[in-house]
Amino acid sequence: MLAALNIRGGGVYLDATFGRGGHAGAILEKLMADGRLLCLDRDAAAIAAAGAGFAADPRVTLRLAPFSSLAAAAEALRPGLAFDGILFDLGVSSPQLDDAQRGFSFMQDGPLDMRMNRDDGVSAAEVVNGAAAEELARIFRDYGEERFAGRIARAIVNDRAARPFLRTLQLAEMIARVAPTRERHKHPATRVFQALRIHVNRELEELAAGLDAALARLAPGGRLAVISFHSLEDRLVKRFMRRHASPDPMYAGLPDIPPHARPRLRLIGRSIEPGEAEVARNPRARSARLRVAERLAVAAA
Ligand SMILES: C[S@@+](CC[C@H](N)C(=O)[O-])C[C@H]1O[C@@H](n2cnc3c(N)ncnc32)[C@H](O)[C@@H]1O
């Protein structure tokens, strides 16, 4: 993965999804004393767990910030700062999934929360107990590609009148009852939980804002590497990279393309899926997909 970033010892890098610092640590191993690494995460627990190793490293700046504040975080570090490489490793981290109190898991009982930043936005319980049946069905369909979206949404609205949904297992068991298993090796609640998580954390809006900000902050020759975990994210990343790797369609077929309409990215290879060894080490990497692009130099007007 790190090869994709093409790290230079004295370069400036951004890890937009710090998590438990696995990738950040690997980047630091390649950076010299004059290299810099800005790390972002919207989860206060991730930043708090970074520990002295990262906090005391003069090359590192850690910030509690979402992708939508990427530009502001970079600007605060140094006005006009441009990066030689930017990494997004999307989705939830293992510590978030494994801590039942965060409410991401349909396998363990916990409060129905699912916010990556618990100080921001509404919880999954507020959505499940407050949204109209049509809105719930839309969320389950659009963000979970759930075939039984309408049936599950109606069952939620029916049941919550007597007893609101406050716990993860309460919701997971109800889904298993009304729409029993129909996909091998998948819990019946998988798609609804994914959908709620994406909705609660505004994940696709965040990703779109993050990619725009990243492109604006990449130095010529700088690499953008994005690891996604489901097709909705990957589709967005693929379209973004392709769009910026082609000239503006307004100028299609014209002999002279003005600088502002020329491609800004060059695609580096095709998307990469993890090898067997990586999946054996980390089964959650099974559905991961890496896409890489490089910032082209801006042509003079
Ligand atoms: C898959 S984990 C990253 C793991 C990390 N690469 C490592 O090696 O430990 C994703 C992390 O990104 C964070 N995250 C997800 N969406 C975010 C967003 N919009 N803004 C900032 N951080 C986000 C999550 O809180 C989580 O900690």
# chains A, B, ... in the order shown; residues from 1 in each chain; ligands from 1

$ residues_near_ligand --ligand "ligand 1" --cutoff "6 Å" --atoms "only C-alpha atoms and all ligand atoms" --output "number ranges by chain"
A: 17-23, 40-43, 46, 65-67, 89-93, 116, 206

$ residues_around --residues "segment 268-276 of chain A" --least-positions-apart "3" --cutoff "10 Å" --atoms "only C-alpha atoms" --output "number ranges by chain"
A: 1, 4, 223-227, 234, 238, 265, 279-283, 285-294

$ residues_around --residues "segment 104-110 of chain A" --least-positions-apart "6" --cutoff "10 Å" --atoms "only C-alpha atoms" --output "MDAnalysis selection string"
chainID A and resid 92 96:98 116 124 166:173 187:190 192:194 196:197

$ write_last_selection --atoms "C-alpha atoms" --output "mmCIF file, in the first residue's frame"
data_model
loop_
_atom_site.group_PDB
_atom_site.id
_atom_site.type_symbol
_atom_site.label_atom_id
_atom_site.label_comp_id
_atom_site.auth_asym_id
_atom_site.auth_seq_id
_atom_site.Cartn_x
_atom_site.Cartn_y
_atom_site.Cartn_z
ATOM 1 C CA VAL A 92 -14.615 2.327 10.562
ATOM 2 C CA GLN A 96 -14.587 1.331 16.710
ATOM 3 C CA LEU A 97 -16.187 -1.936 15.546
ATOM 4 C CA ASP A 98 -14.957 -3.976 18.478
ATOM 5 C CA MET A 116 -17.593 8.294 14.651
ATOM 6 C CA ALA A 124 -28.536 5.862 14.739
ATOM 7 C CA LEU A 166 -32.185 1.783 21.728
ATOM 8 C CA ARG A 167 -29.861 -1.228 21.447
ATOM 9 C CA THR A 168 -27.964 -2.756 18.544
ATOM 10 C CA LEU A 169 -29.135 -6.344 19.169
ATOM 11 C CA GLN A 170 -32.732 -5.225 19.529
ATOM 12 C CA LEU A 171 -32.592 -3.883 15.960
ATOM 13 C CA ALA A 172 -30.472 -6.750 14.571
ATOM 14 C CA GLU A 173 -32.833 -9.405 15.988
ATOM 15 C CA HIS A 187 -25.987 -11.549 8.917
ATOM 16 C CA PRO A 188 -29.429 -10.302 7.790
ATOM 17 C CA ALA A 189 -28.752 -6.942 9.497
ATOM 18 C CA THR A 190 -25.445 -6.298 7.663
ATOM 19 C CA VAL A 192 -29.131 -1.990 7.310
ATOM 20 C CA PHE A 193 -26.268 -1.416 9.747
ATOM 21 C CA GLN A 194 -23.981 -0.305 6.916
ATOM 22 C CA LEU A 196 -27.340 3.607 9.016
ATOM 23 C CA ARG A 197 -23.623 4.111 9.598
#

$ atom_distance --atom1 "atom CA of Asp256 of chain A" --atom2 "atom CA of Arg242 of chain A"
20.6 Å

$ select_by_dssp --residues "segment 62-137 of chain A" --states "alpha helix (DSSP H)" --output "PyMOL selection string"
chain A and resi 70-77+94-98+124-130+133-137

$ write_last_selection --atoms "N, CA, C and O atoms" --output "mmCIF file, in the first residue's frame"
data_model
loop_
_atom_site.group_PDB
_atom_site.id
_atom_site.type_symbol
_atom_site.label_atom_id
_atom_site.label_comp_id
_atom_site.auth_asym_id
_atom_site.auth_seq_id
_atom_site.Cartn_x
_atom_site.Cartn_y
_atom_site.Cartn_z
ATOM 1 N N LEU A 70 -10.571 19.361 6.081
ATOM 2 C CA LEU A 70 -9.195 19.066 5.656
ATOM 3 C C LEU A 70 -8.442 20.339 5.242
ATOM 4 O O LEU A 70 -7.304 20.576 5.669
ATOM 5 N N ALA A 71 -9.116 21.174 4.443
ATOM 6 C CA ALA A 71 -8.441 22.387 3.953
ATOM 7 C C ALA A 71 -8.068 23.290 5.119
ATOM 8 O O ALA A 71 -6.950 23.828 5.172
ATOM 9 N N ALA A 72 -8.984 23.438 6.078
ATOM 10 C CA ALA A 72 -8.718 24.320 7.230
ATOM 11 C C ALA A 72 -7.575 23.753 8.076
ATOM 12 O O ALA A 72 -6.711 24.509 8.559
ATOM 13 N N ALA A 73 -7.545 22.425 8.246
ATOM 14 C CA ALA A 73 -6.483 21.806 9.054
ATOM 15 C C ALA A 73 -5.126 22.004 8.386
ATOM 16 O O ALA A 73 -4.115 22.283 9.054
ATOM 17 N N ALA A 74 -5.084 21.873 7.054
ATOM 18 C CA ALA A 74 -3.821 22.059 6.329
ATOM 19 C C ALA A 74 -3.386 23.524 6.406
ATOM 20 O O ALA A 74 -2.208 23.824 6.640
ATOM 21 N N GLU A 75 -4.349 24.411 6.265
ATOM 22 C CA GLU A 75 -4.049 25.849 6.263
ATOM 23 C C GLU A 75 -3.520 26.277 7.636
ATOM 24 O O GLU A 75 -2.628 27.122 7.735
ATOM 25 N N ALA A 76 -4.086 25.672 8.703
ATOM 26 C CA ALA A 76 -3.651 26.021 10.066
ATOM 27 C C ALA A 76 -2.212 25.573 10.296
ATOM 28 O O ALA A 76 -1.462 26.184 11.060
ATOM 29 N N LEU A 77 -1.826 24.491 9.623
ATOM 30 C CA LEU A 77 -0.462 23.985 9.802
ATOM 31 C C LEU A 77 0.536 24.915 9.106
ATOM 32 O O LEU A 77 1.555 25.295 9.685
ATOM 33 N N SER A 94 -11.012 -1.015 13.447
ATOM 34 C CA SER A 94 -11.291 -2.183 14.289
ATOM 35 C C SER A 94 -11.663 -1.774 15.719
ATOM 36 O O SER A 94 -12.621 -2.316 16.272
ATOM 37 N N PRO A 95 -10.947 -0.806 16.332
ATOM 38 C CA PRO A 95 -11.354 -0.429 17.690
ATOM 39 C C PRO A 95 -12.785 0.113 17.748
ATOM 40 O O PRO A 95 -13.506 -0.146 18.714
ATOM 41 N N GLN A 96 -13.204 0.830 16.712
ATOM 42 C CA GLN A 96 -14.587 1.331 16.710
ATOM 43 C C GLN A 96 -15.571 0.159 16.613
ATOM 44 O O GLN A 96 -16.557 0.103 17.338
ATOM 45 N N LEU A 97 -15.282 -0.786 15.724
ATOM 46 C CA LEU A 97 -16.187 -1.936 15.546
ATOM 47 C C LEU A 97 -16.224 -2.831 16.776
ATOM 48 O O LEU A 97 -17.270 -3.341 17.151
ATOM 49 N N ASP A 98 -15.062 -3.008 17.386
ATOM 50 C CA ASP A 98 -14.957 -3.976 18.478
ATOM 51 C C ASP A 98 -15.495 -3.446 19.799
ATOM 52 O O ASP A 98 -15.785 -4.222 20.702
ATOM 53 N N ALA A 124 -27.706 6.785 15.523
ATOM 54 C CA ALA A 124 -28.536 5.862 14.739
ATOM 55 C C ALA A 124 -29.898 5.677 15.414
ATOM 56 O O ALA A 124 -30.920 5.567 14.733
ATOM 57 N N ALA A 125 -29.931 5.673 16.753
ATOM 58 C CA ALA A 125 -31.213 5.510 17.459
ATOM 59 C C ALA A 125 -32.153 6.662 17.127
ATOM 60 O O ALA A 125 -33.352 6.452 16.903
ATOM 61 N N GLU A 126 -31.627 7.880 17.070
ATOM 62 C CA GLU A 126 -32.489 9.022 16.741
ATOM 63 C C GLU A 126 -33.066 8.886 15.337
ATOM 64 O O GLU A 126 -34.227 9.238 15.101
ATOM 65 N N VAL A 127 -32.256 8.370 14.408
ATOM 66 C CA VAL A 127 -32.743 8.179 13.037
ATOM 67 C C VAL A 127 -33.808 7.086 13.016
ATOM 68 O O VAL A 127 -34.912 7.263 12.481
ATOM 69 N N VAL A 128 -33.482 5.943 13.644
ATOM 70 C CA VAL A 128 -34.388 4.786 13.599
ATOM 71 C C VAL A 128 -35.726 5.105 14.270
ATOM 72 O O VAL A 128 -36.789 4.675 13.803
ATOM 73 N N ASN A 129 -35.682 5.891 15.341
ATOM 74 C CA ASN A 129 -36.922 6.172 16.064
ATOM 75 C C ASN A 129 -37.647 7.419 15.571
ATOM 76 O O ASN A 129 -38.806 7.640 15.930
ATOM 77 N N GLY A 130 -36.958 8.224 14.754
ATOM 78 C CA GLY A 130 -37.558 9.505 14.376
ATOM 79 C C GLY A 130 -37.953 9.620 12.909
ATOM 80 O O GLY A 130 -38.899 10.336 12.584
ATOM 81 N N ALA A 133 -41.191 6.162 7.636
ATOM 82 C CA ALA A 133 -40.911 4.865 7.003
ATOM 83 C C ALA A 133 -40.273 5.050 5.618
ATOM 84 O O ALA A 133 -39.325 4.339 5.265
ATOM 85 N N GLU A 134 -40.751 6.035 4.845
ATOM 86 C CA GLU A 134 -40.227 6.238 3.479
ATOM 87 C C GLU A 134 -38.750 6.645 3.545
ATOM 88 O O GLU A 134 -37.935 6.224 2.728
ATOM 89 N N GLU A 135 -38.426 7.498 4.513
ATOM 90 C CA GLU A 135 -37.045 7.970 4.654
ATOM 91 C C GLU A 135 -36.131 6.801 5.076
ATOM 92 O O GLU A 135 -35.029 6.635 4.544
ATOM 93 N N LEU A 136 -36.610 5.987 6.023
ATOM 94 C CA LEU A 136 -35.804 4.828 6.448
ATOM 95 C C LEU A 136 -35.573 3.886 5.261
ATOM 96 O O LEU A 136 -34.453 3.425 5.037
ATOM 97 N N ALA A 137 -36.630 3.648 4.499
ATOM 98 C CA ALA A 137 -36.505 2.733 3.352
ATOM 99 C C ALA A 137 -35.497 3.291 2.353
ATOM 100 O O ALA A 137 -34.680 2.555 1.790
#

$ select_by_dssp --residues "segment 66-137 of chain A" --states "strand (DSSP E or B)" --output "PyMOL selection string"
chain A and resi 83-89+111

$ write_last_selection --atoms "all heavy atoms" --output "PDB file, in the first residue's frame"
ATOM      1  N   PHE A  83       0.616  18.890  -0.301  1.00  0.00           N
ATOM      2  CA  PHE A  83       1.102  17.578   0.135  1.00  0.00           C
ATOM      3  C   PHE A  83       1.718  16.790  -1.014  1.00  0.00           C
ATOM      4  O   PHE A  83       1.264  16.856  -2.143  1.00  0.00           O
ATOM      5  CB  PHE A  83      -0.056  16.767   0.722  1.00  0.00           C
ATOM      6  CG  PHE A  83      -0.656  17.384   1.968  1.00  0.00           C
ATOM      7  CD1 PHE A  83      -1.816  18.135   1.882  1.00  0.00           C
ATOM      8  CD2 PHE A  83      -0.057  17.220   3.206  1.00  0.00           C
ATOM      9  CE1 PHE A  83      -2.371  18.712   3.018  1.00  0.00           C
ATOM     10  CE2 PHE A  83      -0.595  17.799   4.346  1.00  0.00           C
ATOM     11  CZ  PHE A  83      -1.763  18.543   4.252  1.00  0.00           C
ATOM     12  N   ASP A  84       2.718  15.983  -0.664  1.00  0.00           N
ATOM     13  CA  ASP A  84       3.332  15.067  -1.641  1.00  0.00           C
ATOM     14  C   ASP A  84       2.583  13.739  -1.688  1.00  0.00           C
ATOM     15  O   ASP A  84       2.833  12.923  -2.576  1.00  0.00           O
ATOM     16  CB  ASP A  84       4.799  14.823  -1.275  1.00  0.00           C
ATOM     17  CG  ASP A  84       5.584  16.128  -1.312  1.00  0.00           C
ATOM     18  OD1 ASP A  84       5.640  16.729  -2.395  1.00  0.00           O
ATOM     19  OD2 ASP A  84       6.086  16.572  -0.260  1.00  0.00           O
ATOM     20  N   GLY A  85       1.715  13.534  -0.735  1.00  0.00           N
ATOM     21  CA  GLY A  85       0.913  12.312  -0.736  1.00  0.00           C
ATOM     22  C   GLY A  85      -0.211  12.430   0.270  1.00  0.00           C
ATOM     23  O   GLY A  85      -0.032  13.009   1.347  1.00  0.00           O
ATOM     24  N   ILE A  86      -1.372  11.915  -0.115  1.00  0.00           N
ATOM     25  CA  ILE A  86      -2.541  11.954   0.774  1.00  0.00           C
ATOM     26  C   ILE A  86      -3.184  10.575   0.765  1.00  0.00           C
ATOM     27  O   ILE A  86      -3.414   9.986  -0.299  1.00  0.00           O
ATOM     28  CB  ILE A  86      -3.574  13.007   0.295  1.00  0.00           C
ATOM     29  CG1 ILE A  86      -2.936  14.400   0.321  1.00  0.00           C
ATOM     30  CG2 ILE A  86      -4.835  12.962   1.159  1.00  0.00           C
ATOM     31  CD1 ILE A  86      -3.859  15.530  -0.117  1.00  0.00           C
ATOM     32  N   LEU A  87      -3.443  10.066   1.965  1.00  0.00           N
ATOM     33  CA  LEU A  87      -4.043   8.744   2.097  1.00  0.00           C
ATOM     34  C   LEU A  87      -5.399   8.831   2.784  1.00  0.00           C
ATOM     35  O   LEU A  87      -5.536   9.486   3.825  1.00  0.00           O
ATOM     36  CB  LEU A  87      -3.118   7.854   2.946  1.00  0.00           C
ATOM     37  CG  LEU A  87      -3.702   6.516   3.404  1.00  0.00           C
ATOM     38  CD1 LEU A  87      -3.959   5.586   2.227  1.00  0.00           C
ATOM     39  CD2 LEU A  87      -2.771   5.845   4.416  1.00  0.00           C
ATOM     40  N   PHE A  88      -6.396   8.168   2.206  1.00  0.00           N
ATOM     41  CA  PHE A  88      -7.699   7.944   2.854  1.00  0.00           C
ATOM     42  C   PHE A  88      -7.868   6.434   2.986  1.00  0.00           C
ATOM     43  O   PHE A  88      -7.861   5.731   1.969  1.00  0.00           O
ATOM     44  CB  PHE A  88      -8.853   8.459   1.996  1.00  0.00           C
ATOM     45  CG  PHE A  88      -8.942   9.946   1.843  1.00  0.00           C
ATOM     46  CD1 PHE A  88      -8.227  10.609   0.853  1.00  0.00           C
ATOM     47  CD2 PHE A  88      -9.781  10.691   2.663  1.00  0.00           C
ATOM     48  CE1 PHE A  88      -8.338  11.982   0.679  1.00  0.00           C
ATOM     49  CE2 PHE A  88      -9.896  12.069   2.495  1.00  0.00           C
ATOM     50  CZ  PHE A  88      -9.174  12.719   1.517  1.00  0.00           C
ATOM     51  N   ASP A  89      -8.006   5.945   4.206  1.00  0.00           N
ATOM     52  CA  ASP A  89      -8.292   4.527   4.456  1.00  0.00           C
ATOM     53  C   ASP A  89      -9.680   4.528   5.090  1.00  0.00           C
ATOM     54  O   ASP A  89      -9.824   4.683   6.300  1.00  0.00           O
ATOM     55  CB  ASP A  89      -7.204   3.974   5.409  1.00  0.00           C
ATOM     56  CG  ASP A  89      -7.428   2.518   5.769  1.00  0.00           C
ATOM     57  OD1 ASP A  89      -8.217   1.841   5.098  1.00  0.00           O
ATOM     58  OD2 ASP A  89      -6.793   2.057   6.742  1.00  0.00           O
ATOM     59  N   PRO A 111     -25.372   0.501  22.832  1.00  0.00           N
ATOM     60  CA  PRO A 111     -26.313   1.559  22.458  1.00  0.00           C
ATOM     61  C   PRO A 111     -26.292   1.770  20.952  1.00  0.00           C
ATOM     62  O   PRO A 111     -25.236   1.665  20.323  1.00  0.00           O
ATOM     63  CB  PRO A 111     -25.765   2.792  23.200  1.00  0.00           C
ATOM     64  CG  PRO A 111     -24.348   2.465  23.536  1.00  0.00           C
ATOM     65  CD  PRO A 111     -24.231   0.983  23.628  1.00  0.00           C
TER      66      PRO A 111
END

$ residues_around --residues "Cys39 of chain A" --least-positions-apart "3" --cutoff "9 Å" --atoms "only C-alpha atoms" --output "CSV table (one decimal) with all heavy atoms, in the first residue's frame"
chain,number,residue,atom,x,y,z
A,13,TYR,N,3.2,14.8,4.0
A,13,TYR,CA,2.1,13.8,3.8
A,13,TYR,C,0.9,14.0,4.7
A,13,TYR,O,1.0,14.7,5.8
A,13,TYR,CB,2.7,12.4,4.0
A,13,TYR,CG,3.7,12.1,2.9
A,13,TYR,CD1,5.0,12.5,3.1
A,13,TYR,CD2,3.3,11.6,1.7
A,13,TYR,CE1,6.0,12.3,2.1
A,13,TYR,CE2,4.2,11.4,0.7
A,13,TYR,CZ,5.5,11.8,0.9
A,13,TYR,OH,6.4,11.7,-0.2
A,14,LEU,N,-0.2,13.5,4.2
A,14,LEU,CA,-1.4,13.7,5.0
A,14,LEU,C,-2.1,12.3,5.1
A,14,LEU,O,-2.3,11.6,4.1
A,14,LEU,CB,-2.4,14.6,4.3
A,14,LEU,CG,-3.9,14.6,4.8
A,14,LEU,CD1,-3.9,15.1,6.2
A,14,LEU,CD2,-4.8,15.5,3.9
A,15,ASP,N,-2.3,11.8,6.4
A,15,ASP,CA,-3.1,10.6,6.6
A,15,ASP,C,-4.4,11.1,7.1
A,15,ASP,O,-4.5,11.6,8.3
A,15,ASP,CB,-2.4,9.7,7.7
A,15,ASP,CG,-3.2,8.5,8.0
A,15,ASP,OD1,-4.3,8.4,7.5
A,15,ASP,OD2,-2.7,7.6,8.8
A,16,ALA,N,-5.4,11.1,6.2
A,16,ALA,CA,-6.7,11.7,6.6
A,16,ALA,C,-7.5,10.8,7.5
A,16,ALA,O,-8.6,11.2,8.0
A,16,ALA,CB,-7.5,12.0,5.3
A,17,THR,N,-7.1,9.5,7.7
A,17,THR,CA,-7.8,8.6,8.5
A,17,THR,C,-6.8,7.9,9.5
A,17,THR,O,-6.4,6.8,9.2
A,17,THR,CB,-8.5,7.5,7.6
A,17,THR,OG1,-7.5,7.0,6.7
A,17,THR,CG2,-9.7,8.1,6.8
A,18,PHE,N,-6.5,8.6,10.5
A,18,PHE,CA,-5.4,8.1,11.4
A,18,PHE,C,-5.7,6.8,12.1
A,18,PHE,O,-4.9,5.9,12.1
A,18,PHE,CB,-5.2,9.2,12.5
A,18,PHE,CG,-4.1,8.8,13.5
A,18,PHE,CD1,-2.8,8.8,13.1
A,18,PHE,CD2,-4.5,8.5,14.8
A,18,PHE,CE1,-1.8,8.4,14.0
A,18,PHE,CE2,-3.5,8.1,15.7
A,18,PHE,CZ,-2.1,8.1,15.3
A,21,GLY,N,-3.3,4.5,13.8
A,21,GLY,CA,-1.9,4.9,13.4
A,21,GLY,C,-1.1,3.9,12.7
A,21,GLY,O,0.1,4.1,12.5
A,24,ALA,N,0.1,5.6,9.5
A,24,ALA,CA,0.9,6.7,9.9
A,24,ALA,C,2.3,6.3,10.3
A,24,ALA,O,3.3,6.8,10.0
A,24,ALA,CB,0.2,7.5,11.0
A,47,ILE,N,-7.7,10.0,18.3
A,47,ILE,CA,-6.7,11.0,18.5
A,47,ILE,C,-6.1,10.8,19.9
A,47,ILE,O,-4.9,10.8,20.2
A,47,ILE,CB,-7.2,12.4,18.4
A,47,ILE,CG1,-7.7,12.6,16.9
A,47,ILE,CG2,-6.2,13.5,18.7
A,47,ILE,CD1,-6.7,12.5,15.8
A,60,VAL,N,5.2,15.2,13.3
A,60,VAL,CA,3.8,14.8,13.3
A,60,VAL,C,2.9,15.9,13.8
A,60,VAL,O,3.2,16.5,14.9
A,60,VAL,CB,3.5,13.5,14.1
A,60,VAL,CG1,2.0,13.1,14.1
A,60,VAL,CG2,4.3,12.4,13.5
A,61,THR,N,1.8,16.2,13.2
A,61,THR,CA,0.7,17.0,13.7
A,61,THR,C,-0.6,16.2,13.7
A,61,THR,O,-0.9,15.6,12.6
A,61,THR,CB,0.5,18.3,12.9
A,61,THR,OG1,1.7,19.0,12.9
A,61,THR,CG2,-0.6,19.2,13.6
A,62,LEU,N,-1.2,16.0,14.9
A,62,LEU,CA,-2.5,15.3,15.0
A,62,LEU,C,-3.6,16.2,15.1
A,62,LEU,O,-3.5,17.1,15.9
A,62,LEU,CB,-2.5,14.4,16.2
A,62,LEU,CG,-1.6,13.1,16.2
A,62,LEU,CD1,-1.4,12.7,17.6
A,62,LEU,CD2,-2.3,12.0,15.4
A,63,ARG,N,-4.7,16.0,14.4
A,63,ARG,CA,-5.8,16.9,14.5
A,63,ARG,C,-7.1,16.2,14.5
A,63,ARG,O,-7.3,15.2,13.7
A,63,ARG,CB,-5.9,17.9,13.3
A,63,ARG,CG,-4.9,19.0,13.2
A,63,ARG,CD,-5.3,20.2,14.0
A,63,ARG,NE,-4.3,21.2,14.0
A,63,ARG,CZ,-3.3,21.3,14.9
A,63,ARG,NH1,-3.2,20.4,15.8
A,63,ARG,NH2,-2.4,22.2,14.8
A,64,LEU,N,-8.0,16.6,15.5
A,64,LEU,CA,-9.4,16.0,15.5
A,64,LEU,C,-10.2,16.8,14.4
A,64,LEU,O,-10.5,17.9,14.7
A,64,LEU,CB,-10.0,16.2,16.9
A,64,LEU,CG,-11.4,15.8,17.1
A,64,LEU,CD1,-11.6,14.3,16.9
A,64,LEU,CD2,-11.9,16.2,18.5
